[in-house]
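input00.cif (mmCIF, C-alpha atoms and all ligand atoms)
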data_upload
loop_
_atom_site.label_atom_id
_atom_site.label_comp_id
_atom_site.auth_asym_id
_atom_site.auth_seq_id
_atom_site.Cartn_x
_atom_site.Cartn_y
_atom_site.Cartn_z
CA MET V 145 -38.82 -58.82 -19.73
CA THR V 146 -42.30 -59.79 -20.86
CA ALA V 147 -45.22 -59.46 -18.48
CA THR V 148 -46.01 -62.54 -16.49
CA ALA V 149 -49.23 -63.60 -14.85
CA GLY V 150 -47.97 -62.73 -11.35
CA GLN V 151 -46.97 -59.17 -12.20
CA ARG V 152 -48.17 -56.42 -9.83
CA PRO V 153 -47.54 -52.66 -9.70
CA ALA V 154 -44.05 -52.22 -8.24
CA PRO V 155 -44.04 -50.59 -4.79
CA ALA V 156 -41.81 -47.50 -4.37
CA LEU V 157 -38.53 -47.80 -2.48
CA PRO V 158 -37.66 -45.79 0.62
CA HIS V 159 -34.55 -43.70 0.01
CA TRP V 160 -31.99 -41.75 2.03
CA ASP V 161 -30.13 -39.06 0.12
CA ARG V 162 -27.83 -38.52 3.12
CA THR V 163 -26.23 -41.24 5.20
CA PRO V 164 -29.00 -42.71 7.40
CA GLU V 165 -28.48 -42.07 11.09
CA ASP V 166 -29.34 -45.63 12.02
CA LEU V 167 -27.62 -47.74 9.37
CA ALA V 168 -28.82 -51.11 10.64
CA ALA V 169 -32.42 -49.87 10.72
CA ALA V 170 -32.10 -48.52 7.17
CA VAL V 171 -30.70 -51.87 5.97
CA ARG V 172 -33.58 -53.69 7.66
CA GLU V 173 -35.99 -51.34 5.90
CA ILE V 174 -34.47 -51.39 2.41
CA LYS V 175 -34.03 -55.16 2.07
CA PRO V 176 -37.71 -56.17 2.33
CA ALA V 177 -38.64 -53.15 0.19
CA LEU V 178 -36.24 -54.26 -2.55
CA ARG V 179 -37.53 -57.83 -2.36
CA ALA V 180 -41.14 -56.67 -2.58
CA ARG V 181 -40.35 -54.51 -5.59
CA ILE V 182 -38.47 -57.31 -7.36
CA GLU V 183 -41.19 -59.84 -6.62
CA ALA V 184 -43.86 -57.54 -8.07
CA SER V 185 -42.29 -58.52 -11.40
CA GLY V 186 -43.72 -62.00 -10.97
CA ARG V 187 -40.41 -63.71 -10.21
CA THR V 188 -38.90 -64.44 -6.82
CA VAL V 189 -35.64 -62.81 -5.70
CA GLU V 190 -33.98 -66.22 -5.98
CA GLU V 191 -35.13 -66.58 -9.60
CA VAL V 192 -33.93 -63.10 -10.49
CA PHE V 193 -30.59 -63.64 -8.77
CA ALA V 194 -30.20 -66.98 -10.56
CA ALA V 195 -30.64 -65.18 -13.90
CA VAL V 196 -27.90 -62.72 -12.96
CA GLU V 197 -25.67 -65.51 -11.74
CA ARG V 198 -26.05 -67.40 -15.03
CA ARG V 199 -25.12 -64.27 -16.97
CA VAL V 200 -22.04 -63.64 -14.82
CA GLU V 201 -21.08 -67.35 -14.82
CA ALA V 202 -21.13 -67.39 -18.61
CA ARG V 203 -18.62 -64.52 -18.67
CA VAL V 204 -16.49 -66.19 -16.04
CA ALA V 205 -16.45 -69.42 -18.06
CA GLU V 206 -15.29 -67.51 -21.16
CA ILE V 207 -12.48 -65.95 -19.15
CA GLU V 208 -11.41 -69.36 -17.86
CA ALA V 209 -11.48 -70.74 -21.40
CA ASP V 210 -9.37 -67.85 -22.71
CA ARG V 211 -6.90 -68.42 -19.93
CA GLU V 212 -6.67 -72.14 -20.73
CA ARG V 213 -6.05 -71.41 -24.40
CA GLY V 214 -3.24 -69.07 -23.35
CA GLU V 215 -5.05 -66.02 -24.66
CA GLU V 216 -4.72 -62.65 -22.99
CA VAL V 217 -7.84 -62.05 -20.88
CA TRP V 218 -7.27 -58.29 -20.78
CA PRO V 219 -7.94 -56.46 -24.05
CA VAL V 220 -4.76 -54.74 -25.29
CA LEU V 221 -4.74 -52.00 -27.93
CA ASP V 222 -1.98 -49.86 -29.43
CA TYR V 223 -2.43 -46.16 -28.91
CA ASP V 224 -1.85 -45.63 -32.63
CA ALA V 225 -4.86 -47.81 -33.51
CA ILE V 226 -7.10 -45.82 -31.18
CA ALA V 227 -5.83 -42.50 -32.56
CA ALA V 228 -6.18 -43.66 -36.17
CA GLY V 229 -9.63 -45.18 -35.62
CA THR V 230 -8.47 -48.62 -36.79
CA VAL V 231 -9.61 -50.64 -33.77
CA THR V 232 -11.37 -53.70 -35.21
CA PRO V 233 -14.95 -54.78 -34.38
CA ALA V 234 -13.57 -57.88 -32.65
CA GLN V 235 -11.34 -55.74 -30.43
CA THR V 236 -14.24 -53.42 -29.67
CA ALA V 237 -16.43 -56.39 -28.72
CA LYS V 238 -13.77 -57.76 -26.40
CA LEU V 239 -13.38 -54.41 -24.66
CA ARG V 240 -17.14 -54.12 -24.19
CA LYS V 241 -17.31 -57.63 -22.78
CA ARG V 242 -14.31 -57.34 -20.45
CA GLY V 243 -14.69 -53.69 -19.44
CA CYS V 244 -10.96 -53.10 -19.17
CA LEU V 245 -8.04 -52.19 -21.40
CA VAL V 246 -4.28 -51.81 -21.61
CA VAL V 247 -3.19 -49.09 -24.03
CA ARG V 248 0.28 -49.91 -25.37
CA GLY V 249 2.45 -46.90 -26.06
CA HIS V 250 -0.14 -44.45 -24.79
CA PHE V 251 2.88 -42.21 -24.24
CA PRO V 252 6.38 -42.75 -25.59
CA ARG V 253 8.43 -44.69 -23.07
CA GLU V 254 11.05 -41.91 -22.84
CA GLN V 255 8.31 -39.42 -22.03
CA ALA V 256 6.99 -41.58 -19.18
CA LEU V 257 10.47 -42.14 -17.76
CA ALA V 258 11.19 -38.41 -17.98
CA TRP V 259 7.93 -37.71 -16.10
CA ASP V 260 8.95 -40.19 -13.40
CA ALA V 261 12.31 -38.44 -13.01
CA ASP V 262 10.54 -35.09 -12.96
CA ILE V 263 8.34 -36.21 -10.07
CA VAL V 264 11.39 -37.33 -8.11
CA ASP V 265 13.02 -33.97 -8.74
CA TYR V 266 9.84 -32.11 -7.74
CA VAL V 267 9.38 -33.91 -4.42
CA GLU V 268 13.08 -33.87 -3.50
CA ARG V 269 13.53 -30.21 -4.33
CA ASN V 270 10.62 -29.43 -2.05
CA GLU V 271 11.89 -31.71 0.75
CA PHE V 272 8.79 -33.89 0.71
CA PHE V 273 10.41 -36.84 2.47
CA GLU V 274 11.70 -34.59 5.28
CA THR V 275 8.23 -33.15 5.91
CA TYR V 276 6.09 -36.21 5.21
CA SER V 277 3.98 -36.90 8.30
CA GLY V 278 2.47 -40.30 7.51
CA PRO V 279 -0.53 -41.47 5.54
CA GLY V 280 -3.44 -39.03 5.72
CA ASP V 281 -5.96 -41.82 5.47
CA ASP V 282 -6.10 -45.48 6.32
CA PHE V 283 -6.88 -46.69 2.82
CA PHE V 284 -3.35 -47.14 1.50
CA GLY V 285 -0.94 -48.05 4.29
CA SER V 286 2.67 -46.94 3.85
CA VAL V 287 5.30 -49.65 3.92
CA GLY V 288 8.35 -47.87 5.26
CA SER V 289 9.34 -44.41 6.30
CA LYS V 290 8.90 -43.23 2.73
CA PRO V 291 5.36 -43.29 1.42
CA GLU V 292 4.26 -45.51 -1.41
CA ILE V 293 1.38 -43.21 -2.28
CA TYR V 294 2.51 -39.62 -2.75
CA PRO V 295 -0.32 -37.19 -1.92
CA ILE V 296 0.88 -34.99 -4.78
CA TYR V 297 -1.56 -33.62 -7.35
CA TRP V 298 -0.06 -30.67 -9.20
CA SER V 299 3.32 -31.70 -10.62
CA GLN V 300 4.28 -30.80 -14.16
CA ALA V 301 4.17 -34.49 -15.07
CA GLN V 302 0.62 -35.05 -13.86
CA MET V 303 -0.84 -31.94 -15.41
CA GLN V 304 1.00 -32.41 -18.70
CA ALA V 305 -0.44 -35.92 -18.95
CA ARG V 306 -3.95 -34.86 -17.87
CA GLN V 307 -4.25 -32.13 -20.46
CA SER V 308 -2.41 -33.94 -23.27
CA GLU V 309 -4.06 -34.67 -26.57
CA ARG V 310 -3.08 -38.33 -26.26
CA MET V 311 -4.96 -38.58 -22.96
CA ALA V 312 -8.04 -36.84 -24.38
CA THR V 313 -8.03 -39.21 -27.37
CA VAL V 314 -8.08 -42.33 -25.19
CA GLN V 315 -10.66 -40.89 -22.78
CA SER V 316 -13.03 -40.03 -25.65
CA PHE V 317 -12.57 -43.51 -27.09
CA LEU V 318 -13.36 -45.15 -23.75
CA ASN V 319 -16.30 -42.84 -23.04
CA SER V 320 -17.83 -43.85 -26.37
CA PHE V 321 -18.50 -47.33 -24.95
CA TRP V 322 -21.05 -45.75 -22.61
CA LYS V 323 -24.58 -44.76 -23.49
CA HIS V 324 -24.10 -41.09 -22.65
CA THR V 325 -27.22 -39.73 -24.40
CA ASP V 326 -30.70 -41.07 -23.71
CA ASP V 327 -33.28 -41.94 -26.36
CA ASP V 328 -35.22 -38.82 -25.28
CA GLY V 329 -32.14 -36.64 -25.95
CA THR V 330 -30.99 -36.22 -22.33
CA GLN V 331 -27.20 -36.03 -22.40
CA TRP V 332 -25.83 -37.61 -19.22
CA PHE V 333 -22.25 -36.60 -19.98
CA ASP V 334 -20.08 -35.09 -22.70
CA PRO V 335 -17.80 -37.88 -23.97
CA ASP V 336 -15.32 -35.41 -25.49
CA ARG V 337 -14.61 -33.23 -22.48
CA ASP V 338 -12.78 -34.56 -19.44
CA ALA V 339 -12.87 -32.94 -16.00
CA LEU V 340 -9.18 -33.75 -15.22
CA TYR V 341 -9.97 -35.49 -11.91
CA PRO V 342 -6.80 -34.92 -9.86
CA ASP V 343 -5.49 -37.97 -8.05
CA ARG V 344 -2.21 -39.09 -6.55
CA ILE V 345 0.99 -40.87 -7.57
CA ARG V 346 2.27 -44.26 -6.50
CA ARG V 347 6.00 -44.98 -6.45
CA ARG V 348 6.82 -48.39 -5.04
CA PRO V 349 10.55 -49.14 -4.89
CA PRO V 350 12.35 -52.40 -5.67
CA GLY V 351 12.54 -54.74 -2.69
CA THR V 352 9.14 -53.72 -1.36
CA ASP V 353 7.03 -56.19 0.59
CA SER V 354 3.40 -55.22 0.25
CA ALA V 355 0.23 -56.85 1.51
CA GLY V 356 -1.68 -55.53 -1.50
CA LEU V 357 -5.26 -54.35 -1.41
CA GLY V 358 -8.24 -56.66 -1.01
CA THR V 359 -10.78 -57.00 -3.79
CA HIS V 360 -13.39 -54.27 -3.73
CA CYS V 361 -15.33 -51.91 -5.93
CA ASP V 362 -15.34 -48.14 -5.81
CA PRO V 363 -18.56 -46.48 -7.03
CA GLY V 364 -20.20 -46.33 -3.60
CA THR V 365 -21.25 -48.26 -0.51
CA LEU V 366 -24.75 -48.39 0.99
CA ASP V 367 -25.72 -45.44 -1.24
CA LEU V 368 -25.78 -47.89 -4.17
CA TRP V 369 -29.02 -49.28 -2.70
CA MET V 370 -30.25 -46.27 -0.78
CA THR V 371 -30.08 -43.00 -2.72
CA ARG V 372 -32.81 -42.08 -5.13
CA GLU V 373 -30.37 -41.51 -8.02
CA TYR V 374 -28.63 -44.86 -7.62
CA GLN V 375 -32.01 -46.57 -7.28
CA LYS V 376 -32.87 -45.05 -10.65
CA ALA V 377 -29.49 -45.98 -12.15
CA PHE V 378 -29.94 -49.61 -11.06
CA ARG V 379 -33.70 -49.54 -11.75
CA HIS V 380 -33.70 -52.75 -13.77
CA LEU V 381 -31.94 -54.68 -11.01
CA PHE V 382 -34.33 -53.38 -8.37
CA SER V 383 -37.50 -54.09 -10.31
CA GLY V 384 -36.72 -57.62 -11.41
CA ASP V 385 -36.19 -57.02 -15.14
CA VAL V 386 -32.49 -57.75 -14.81
CA GLU V 387 -32.24 -58.79 -18.46
CA ARG V 388 -32.48 -55.09 -19.34
CA TYR V 389 -29.69 -54.02 -16.99
CA ASP V 390 -26.84 -52.45 -19.00
CA PRO V 391 -23.59 -51.69 -17.17
CA TRP V 392 -22.74 -49.14 -19.89
CA ASP V 393 -25.84 -47.00 -19.37
CA ALA V 394 -24.91 -43.68 -17.70
CA ALA V 395 -28.53 -42.73 -16.99
CA HIS V 396 -28.92 -41.21 -13.50
CA ARG V 397 -25.28 -41.80 -12.65
CA THR V 398 -23.92 -38.33 -13.28
CA ALA V 399 -25.80 -36.09 -10.89
CA GLY V 400 -26.62 -37.89 -7.64
CA PRO V 401 -25.01 -37.57 -4.24
CA GLN V 402 -22.67 -40.12 -2.69
CA TYR V 403 -22.46 -40.81 1.02
CA PRO V 404 -19.37 -39.05 2.38
CA GLY V 405 -16.44 -41.11 3.56
CA SER V 406 -12.67 -41.39 3.32
CA THR V 407 -12.90 -43.51 0.19
CA MET V 408 -15.58 -41.58 -1.66
CA CYS V 409 -15.12 -40.16 -5.14
CA SER V 410 -17.15 -37.05 -5.88
CA ALA V 411 -16.66 -37.47 -9.59
CA PHE V 412 -18.40 -39.76 -12.01
CA ARG V 413 -15.72 -41.84 -13.72
CA THR V 414 -16.51 -43.96 -16.74
CA PHE V 415 -13.20 -45.75 -16.28
CA GLN V 416 -10.62 -45.70 -13.58
CA GLY V 417 -7.12 -45.65 -14.86
CA TRP V 418 -3.44 -45.10 -14.43
CA THR V 419 -0.45 -44.42 -16.60
CA ALA V 420 2.68 -46.52 -15.98
CA LEU V 421 5.85 -44.60 -15.19
CA SER V 422 7.96 -47.75 -14.89
CA ASP V 423 7.95 -51.24 -16.35
CA MET V 424 5.93 -53.68 -14.23
CA ASP V 425 5.64 -57.44 -14.58
CA ALA V 426 2.32 -59.16 -13.93
CA ASP V 427 3.69 -61.10 -10.94
CA GLN V 428 5.00 -58.07 -9.06
CA GLY V 429 2.00 -57.08 -6.95
CA VAL V 430 -0.03 -55.51 -9.72
CA LEU V 431 -3.66 -54.61 -10.28
CA HIS V 432 -6.12 -57.48 -10.70
CA THR V 433 -9.70 -57.13 -11.88
CA VAL V 434 -12.74 -59.33 -12.26
CA PRO V 435 -13.19 -58.35 -15.92
CA VAL V 436 -16.97 -58.66 -15.90
CA PRO V 437 -18.68 -55.24 -15.89
CA GLU V 438 -22.10 -56.69 -15.06
CA ALA V 439 -20.75 -58.16 -11.82
CA MET V 440 -22.36 -55.13 -10.16
CA ALA V 441 -25.74 -56.82 -10.69
CA TYR V 442 -24.48 -59.81 -8.70
CA LEU V 443 -23.05 -57.59 -5.95
CA LEU V 444 -26.25 -55.58 -5.54
CA LEU V 445 -28.67 -58.51 -5.45
CA ARG V 446 -26.58 -60.96 -3.41
CA PRO V 447 -27.50 -59.44 0.02
CA LEU V 448 -31.19 -60.07 -0.67
CA LEU V 449 -30.80 -63.85 -0.54
CA PRO V 450 -32.02 -65.58 2.63
CA ASP V 451 -28.58 -66.79 3.81
CA VAL V 452 -27.46 -63.20 4.52
CA PRO V 453 -28.39 -61.81 7.97
CA GLU V 454 -31.22 -59.30 7.73
CA ASP V 455 -29.12 -56.37 8.95
CA SER V 456 -26.17 -57.16 6.63
CA MET V 457 -25.40 -56.11 3.07
CA CYS V 458 -22.61 -58.72 2.76
CA GLY V 459 -20.22 -56.56 4.75
CA VAL V 460 -20.82 -53.26 2.95
CA ARG V 461 -20.76 -50.25 5.30
CA THR V 462 -20.35 -46.54 4.83
CA ASN V 463 -16.89 -44.97 5.08
CA GLN V 464 -15.10 -48.15 3.96
CA VAL V 465 -14.60 -49.59 0.50
CA PHE V 466 -17.20 -52.03 -0.79
CA PRO V 467 -15.63 -55.41 0.04
CA VAL V 468 -15.86 -58.30 -2.41
CA THR V 469 -15.20 -61.60 -0.65
CA GLU V 470 -14.93 -65.31 -1.34
CA ARG V 471 -17.55 -65.89 1.32
CA TRP V 472 -20.32 -63.97 -0.46
CA HIS V 473 -19.11 -63.74 -4.05
CA PRO V 474 -17.19 -66.94 -4.85
CA VAL V 475 -18.03 -67.11 -8.56
CA LEU V 476 -16.40 -63.72 -9.18
CA TYR V 477 -13.12 -64.90 -7.70
CA ARG V 478 -12.63 -67.45 -10.47
CA ALA V 479 -12.27 -64.58 -12.94
CA LEU V 480 -9.77 -62.47 -10.99
CA THR V 481 -7.05 -61.65 -13.54
CA PRO V 482 -3.85 -59.62 -13.34
CA ILE V 483 -2.94 -57.00 -15.91
CA PRO V 484 -0.42 -58.22 -18.48
CA ASP V 485 3.18 -57.00 -18.12
CA VAL V 486 3.24 -53.28 -18.80
CA ARG V 487 5.99 -50.90 -19.82
CA ALA V 488 6.47 -47.27 -18.89
CA GLY V 489 4.11 -45.21 -21.04
CA ASP V 490 1.38 -47.86 -21.25
CA SER V 491 -1.91 -47.05 -19.52
CA VAL V 492 -4.41 -49.31 -17.76
CA TRP V 493 -8.19 -48.79 -17.57
CA TRP V 494 -11.14 -50.50 -15.93
CA HIS V 495 -14.90 -49.83 -15.89
CA CYS V 496 -15.82 -47.83 -12.79
CA ASP V 497 -18.06 -50.59 -11.37
CA MET V 498 -15.57 -53.37 -11.77
CA VAL V 499 -14.21 -55.45 -8.90
CA HIS V 500 -10.47 -54.96 -8.46
CA GLY V 501 -7.62 -55.37 -6.01
CA VAL V 502 -3.85 -55.31 -5.84
CA ALA V 503 -1.93 -58.54 -5.34
CA PRO V 504 0.58 -58.87 -2.50
CA VAL V 505 4.28 -58.95 -3.36
CA ARG V 506 7.49 -59.89 -1.56
CA ASP V 507 10.80 -58.35 -2.52
CA GLN V 508 9.37 -56.61 -5.56
CA LYS V 509 11.54 -56.64 -8.68
CA GLY V 510 11.85 -53.22 -10.26
CA TRP V 511 9.82 -50.12 -9.54
CA GLY V 512 6.02 -49.94 -9.50
CA ASN V 513 5.25 -46.34 -10.45
CA VAL V 514 1.97 -44.96 -11.73
CA MET V 515 0.05 -41.71 -12.09
CA TYR V 516 -3.66 -42.22 -11.38
CA ILE V 517 -5.57 -40.55 -14.23
CA PRO V 518 -9.15 -41.75 -14.83
CA ALA V 519 -11.74 -40.81 -17.44
CA ALA V 520 -14.12 -38.39 -15.70
CA PRO V 521 -16.23 -36.78 -18.42
CA TRP V 522 -17.99 -33.45 -18.05
CA CYS V 523 -21.41 -33.88 -16.37
CA PRO V 524 -23.32 -32.12 -13.57
CA ARG V 525 -21.56 -34.08 -10.85
CA ASN V 526 -18.08 -33.40 -12.26
CA GLU V 527 -18.89 -29.78 -13.01
CA GLU V 528 -19.83 -29.28 -9.37
CA TYR V 529 -16.60 -30.88 -8.16
CA ALA V 530 -14.59 -28.85 -10.69
CA ALA V 531 -15.13 -25.75 -8.53
CA ASN V 532 -13.26 -27.49 -5.72
CA VAL V 533 -10.58 -28.66 -8.16
CA ARG V 534 -10.02 -25.12 -9.51
CA GLU V 535 -9.52 -23.82 -5.99
CA ALA V 536 -7.12 -26.65 -5.12
CA PHE V 537 -5.20 -26.10 -8.36
CA ALA V 538 -4.88 -22.34 -7.76
CA THR V 539 -3.54 -22.80 -4.22
CA GLY V 540 -1.67 -26.11 -4.54
CA SER V 541 -4.04 -27.77 -2.09
CA SER V 542 -5.18 -31.37 -1.83
CA PRO V 543 -8.51 -31.71 -3.69
CA GLY V 544 -11.68 -32.16 -1.64
CA ASP V 545 -11.92 -35.94 -2.08
CA PHE V 546 -8.54 -36.46 -0.41
CA PRO V 547 -7.06 -35.95 3.06
CA GLU V 548 -6.24 -32.33 3.86
CA GLU V 549 -2.47 -32.64 3.56
CA HIS V 550 -1.76 -29.68 1.26
CA TYR V 551 1.96 -30.42 0.86
CA GLU V 552 2.29 -28.49 -2.38
CA ARG V 553 0.95 -25.11 -1.25
CA SER V 554 4.42 -23.69 -0.69
CA TRP V 555 6.26 -25.77 -3.29
CA THR V 556 8.24 -24.46 -6.23
CA GLY V 557 7.85 -25.91 -9.71
CA ARG V 558 4.14 -26.56 -9.45
CA PHE V 559 2.16 -26.54 -12.69
CA THR V 560 0.62 -23.08 -13.07
CA ALA V 561 -2.48 -21.59 -14.74
CA ASP V 562 -0.49 -19.99 -17.57
CA GLN V 563 0.67 -23.49 -18.60
CA LEU V 564 -2.87 -24.72 -19.24
CA ASN V 565 -3.81 -25.47 -22.83
CA GLU V 566 -7.36 -25.46 -24.15
CA THR V 567 -8.01 -29.03 -22.93
CA GLY V 568 -6.78 -28.07 -19.49
CA ARG V 569 -8.90 -24.93 -19.32
CA ARG V 570 -12.01 -26.77 -20.49
CA GLY V 571 -11.34 -29.57 -18.01
CA LEU V 572 -11.17 -27.15 -15.11
CA GLY V 573 -14.20 -25.23 -16.33
CA LEU V 574 -12.13 -22.12 -17.10
CA SER V 575 -13.19 -21.61 -20.71
FE FE V 601 -10.27 -49.14 -5.84
#

For this file, write the structure as structure tokens.
Amino acid sequence: MTATAGQRPAPALPHWDRTPEDLAAAVREIKPALRARIEASGRTVEEVFAAVERRVEARVAEIEADRERGEEVWPVLDYDAIAAGTVTPAQTAKLRKRGCLVVRGHFPREQALAWDADIVDYVERNEFFETYSGPGDDFFGSVGSKPEIYPIYWSQAQMQARQSERMATVQSFLNSFWKHTDDDGTQWFDPDRDALYPDRIRRRPPGTDSAGLGTHCDPGTLDLWMTREYQKAFRHLFSGDVERYDPWDAAHRTAGPQYPGSTMCSAFRTFQGWTALSDMDADQGVLHTVPVPEAMAYLLLRPLLPDVPEDSMCGVRTNQVFPVTERWHPVLYRALTPIPDVRAGDSVWWHCDMVHGVAPVRDQKGWGNVMYIPAAPWCPRNEEYAANVREAFATGSSPGDFPEEHYERSWTGRFTADQLNETGRRGLGLS
């Protein structure tokens, strides 16, 4: 932004690199500090927020227009085009704009179905359902006696997919949308090395009734406003030059701490993702996103407007997901879009800041099975967490970001160290 007559030196922000003891007091301290810093730019908070709202509204209007024309809102690419480097500039532009992607045929359908059967064999052989003692956290509720989310991390299927060349190819492609190296040469992350972030499996059977998951975003909670690293990452939003904010800039995102909590993710993920292990139709309780990566600007500035109580950040608290609601964020809701129908072997990806949720379903048709595998490129934050992952892998334990359930410690058929290929060893920091 160009200098304006009212510009003043921007005052520094208070910061809390650990969860503040008195959250309400910290909120009451950070809000006026953020406003003062923004207003030193010469514009009011309302003017700056209006600029962000116009930018987001323009994206939302494009999405509505696409929908009306019957065009697919979600970008869809064939794996073969990604692998061959034949993705067109128009497809690249759409991915950058929407921040999400379905990869068709990421894995052959037979491979994905075989992996699904393998997982069933693995959990049944090890009497998982007989020993399952209920959800280890309150984030994903279980619907019946059998869990929907399996707290399983080290099956052959998961590790084969995580260390596969096809996975590495798509992760590198997606990472390349980020600015991973600064103009001064600082490399924030290595786009061609993934840290194999271990996550769980979902297997949702036919006939399921599910309440879904409310819309939210995952990169943090109050830490997004309060830690020094996040304040640097969102520096353009917090100093009023919002026109320079780039949701694809990794600067200061790959080292900082996150406030602990049951929903935290220690890793930096460029994209969240999962690989489908069954066919799923778009009306069967699937993932929805608000396919607007810069919506984070709206979410972070919205609590500074005068209609929000002074001790509230629009409902954001520590130790719970960041809620996105019609009350505070109505414009975003207009863009909420389900994934297209997917088939086993397709994969689904969304920018780590993006608003998402899972639709409710009654009497689900067909299975809804996925392996959660994100893109978590090698960086200081992921290298640090990799030590925990190596230990969990060696002992069959639940990784540090997840409840301490450790079902697989005594299981047979776990993926073992001698089965790692070079990608797997690099991802775990073993070579
Ligand atoms: Fe989420």

Option closest in space to ligand FE 601 (chain V), from V:Asp224, V:Asp451, V:Asp497, V:Asp425 [counting all atoms listed in the file]: V:Asp497

May I have the residues within 8 Å of segment 418-420 of chain V as a compact mmCIF listing (two decimals) with C-alpha atoms, keeping the file's coordinate frame, using all atoms listed in the file and disregarding those fewer than 6 positions away in the same chain?
# COMPACT_ATOMS: atom_id res chain seq x y z
CA ALA V 256 6.99 -41.58 -19.18
CA VAL V 486 3.24 -53.28 -18.80
CA ARG V 487 5.99 -50.90 -19.82
CA ALA V 488 6.47 -47.27 -18.89
CA GLY V 489 4.11 -45.21 -21.04
CA ASP V 490 1.38 -47.86 -21.25
CA SER V 491 -1.91 -47.05 -19.52
CA VAL V 492 -4.41 -49.31 -17.76
CA TRP V 493 -8.19 -48.79 -17.57
CA ASN V 513 5.25 -46.34 -10.45
CA VAL V 514 1.97 -44.96 -11.73
CA MET V 515 0.05 -41.71 -12.09
CA TYR V 516 -3.66 -42.22 -11.38
CA ILE V 517 -5.57 -40.55 -14.23
CA PRO V 518 -9.15 -41.75 -14.83

Within 10 Å of ligand FE 601 (chain V), counting all atoms listed in the file, residues as a list in words: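 The residues near ligand FE 601 (chain V) are Phe283, Leu357, Gly358, Thr359, His360, Cys361, Asp362, Pro363, Thr407, Gln416, Leu431, Val465, Phe466, Cys496, Asp497, Met498, Val499, His500, Gly501 and Val502 of chain V.
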
Contacts of segment 234-236 of chain V within 9 Å, only C-alpha atoms, excl. fewer than 4 positions in-chain, as a list in words: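 Using only C-alpha atoms, the neighbours found are Pro219, Val220, Leu221, Arg240, Lys241 and Phe321 of chain V.
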
Go ahead and save the residues from that selection, with C-alpha atoms, as a compact mmCIF listing (two decimals), in the coordinates of the input.
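Result went into again22.txt, see below:
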# COMPACT_ATOMS: atom_id res chain seq x y z
CA PRO V 219 -7.94 -56.46 -24.05
CA VAL V 220 -4.76 -54.74 -25.29
CA LEU V 221 -4.74 -52.00 -27.93
CA ARG V 240 -17.14 -54.12 -24.19
CA LYS V 241 -17.31 -57.63 -22.78
CA PHE V 321 -18.50 -47.33 -24.95

Distance in Å - atom CA of Glu566 of chain V versus atom CA of Asn532 of chain V: 19.5 Å

Expected residue set, 10 Å radius at (-23.4, -63.8, -3.3), all atoms listed in the file, as JSON, numbers by chain: {"V": [193, 197, 442, 443, 444, 445, 446, 447, 448, 449, 451, 452, 458, 468, 469, 470, 471, 472, 473, 474, 475, 476]}

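Closest approach to Gly568 of chain V from the set V:Asp327, V:Glu292, V:Asp338, V:Glu271 is made by V:Asp338, with distances taken over all atoms listed in the file.
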
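Among V:His550, V:Arg203, V:Arg347, V:Arg397, the residue with the shortest atom-to-atom distance to Arg242 of chain V, counting all atoms listed in the file, is V:Arg203.
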
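Nearest to Gly229 of chain V of all the residues V:Ala377, V:Phe317, V:Gln255, V:Ile182 is V:Phe317, based on all atoms listed in the file.
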
Return as JSON the centre and edge lengths, in Å with one decimal, of the box along x, y and z that encloses every atom of segment 450-466 of chain V in the file, padded by 5 Å per side.
{"center_x": -23.3, "center_y": -55.9, "center_z": 4.1, "size_x": 27.4, "size_y": 31.8, "size_z": 19.7}

Distance criterion (all atoms listed in the file): nearest to Glu387 of chain V out of V:Leu157, V:Ile345, V:Asp210, V:Val192: V:Val192

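Of the listed residues (V:Ile226, V:Val171, V:Ile293, V:Leu574), V:Leu574 comes nearest to Glu535 of chain V; the distances count all atoms listed in the file.
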
I want to know what sits within 10 Å of Ala312 of chain V, based on all atoms listed in the file, with residues of the same chain fewer than 2 positions away left out; could you give that as an mmCIF file with C-alpha atoms, keeping the file's coordinate frame?
data_model
loop_
_atom_site.group_PDB
_atom_site.id
_atom_site.type_symbol
_atom_site.label_atom_id
_atom_site.label_comp_id
_atom_site.auth_asym_id
_atom_site.auth_seq_id
_atom_site.Cartn_x
_atom_site.Cartn_y
_atom_site.Cartn_z
ATOM 1 C CA ALA V 305 -0.440 -35.920 -18.950
ATOM 2 C CA ARG V 306 -3.950 -34.860 -17.870
ATOM 3 C CA GLN V 307 -4.250 -32.130 -20.460
ATOM 4 C CA SER V 308 -2.410 -33.940 -23.270
ATOM 5 C CA GLU V 309 -4.060 -34.670 -26.570
ATOM 6 C CA ARG V 310 -3.080 -38.330 -26.260
ATOM 7 C CA VAL V 314 -8.080 -42.330 -25.190
ATOM 8 C CA GLN V 315 -10.660 -40.890 -22.780
ATOM 9 C CA SER V 316 -13.030 -40.030 -25.650
ATOM 10 C CA PHE V 317 -12.570 -43.510 -27.090
ATOM 11 C CA LEU V 318 -13.360 -45.150 -23.750
ATOM 12 C CA PRO V 335 -17.800 -37.880 -23.970
ATOM 13 C CA ASP V 336 -15.320 -35.410 -25.490
ATOM 14 C CA ARG V 337 -14.610 -33.230 -22.480
ATOM 15 C CA ASP V 338 -12.780 -34.560 -19.440
ATOM 16 C CA LEU V 340 -9.180 -33.750 -15.220
ATOM 17 C CA ALA V 519 -11.740 -40.810 -17.440
ATOM 18 C CA THR V 567 -8.010 -29.030 -22.930
#
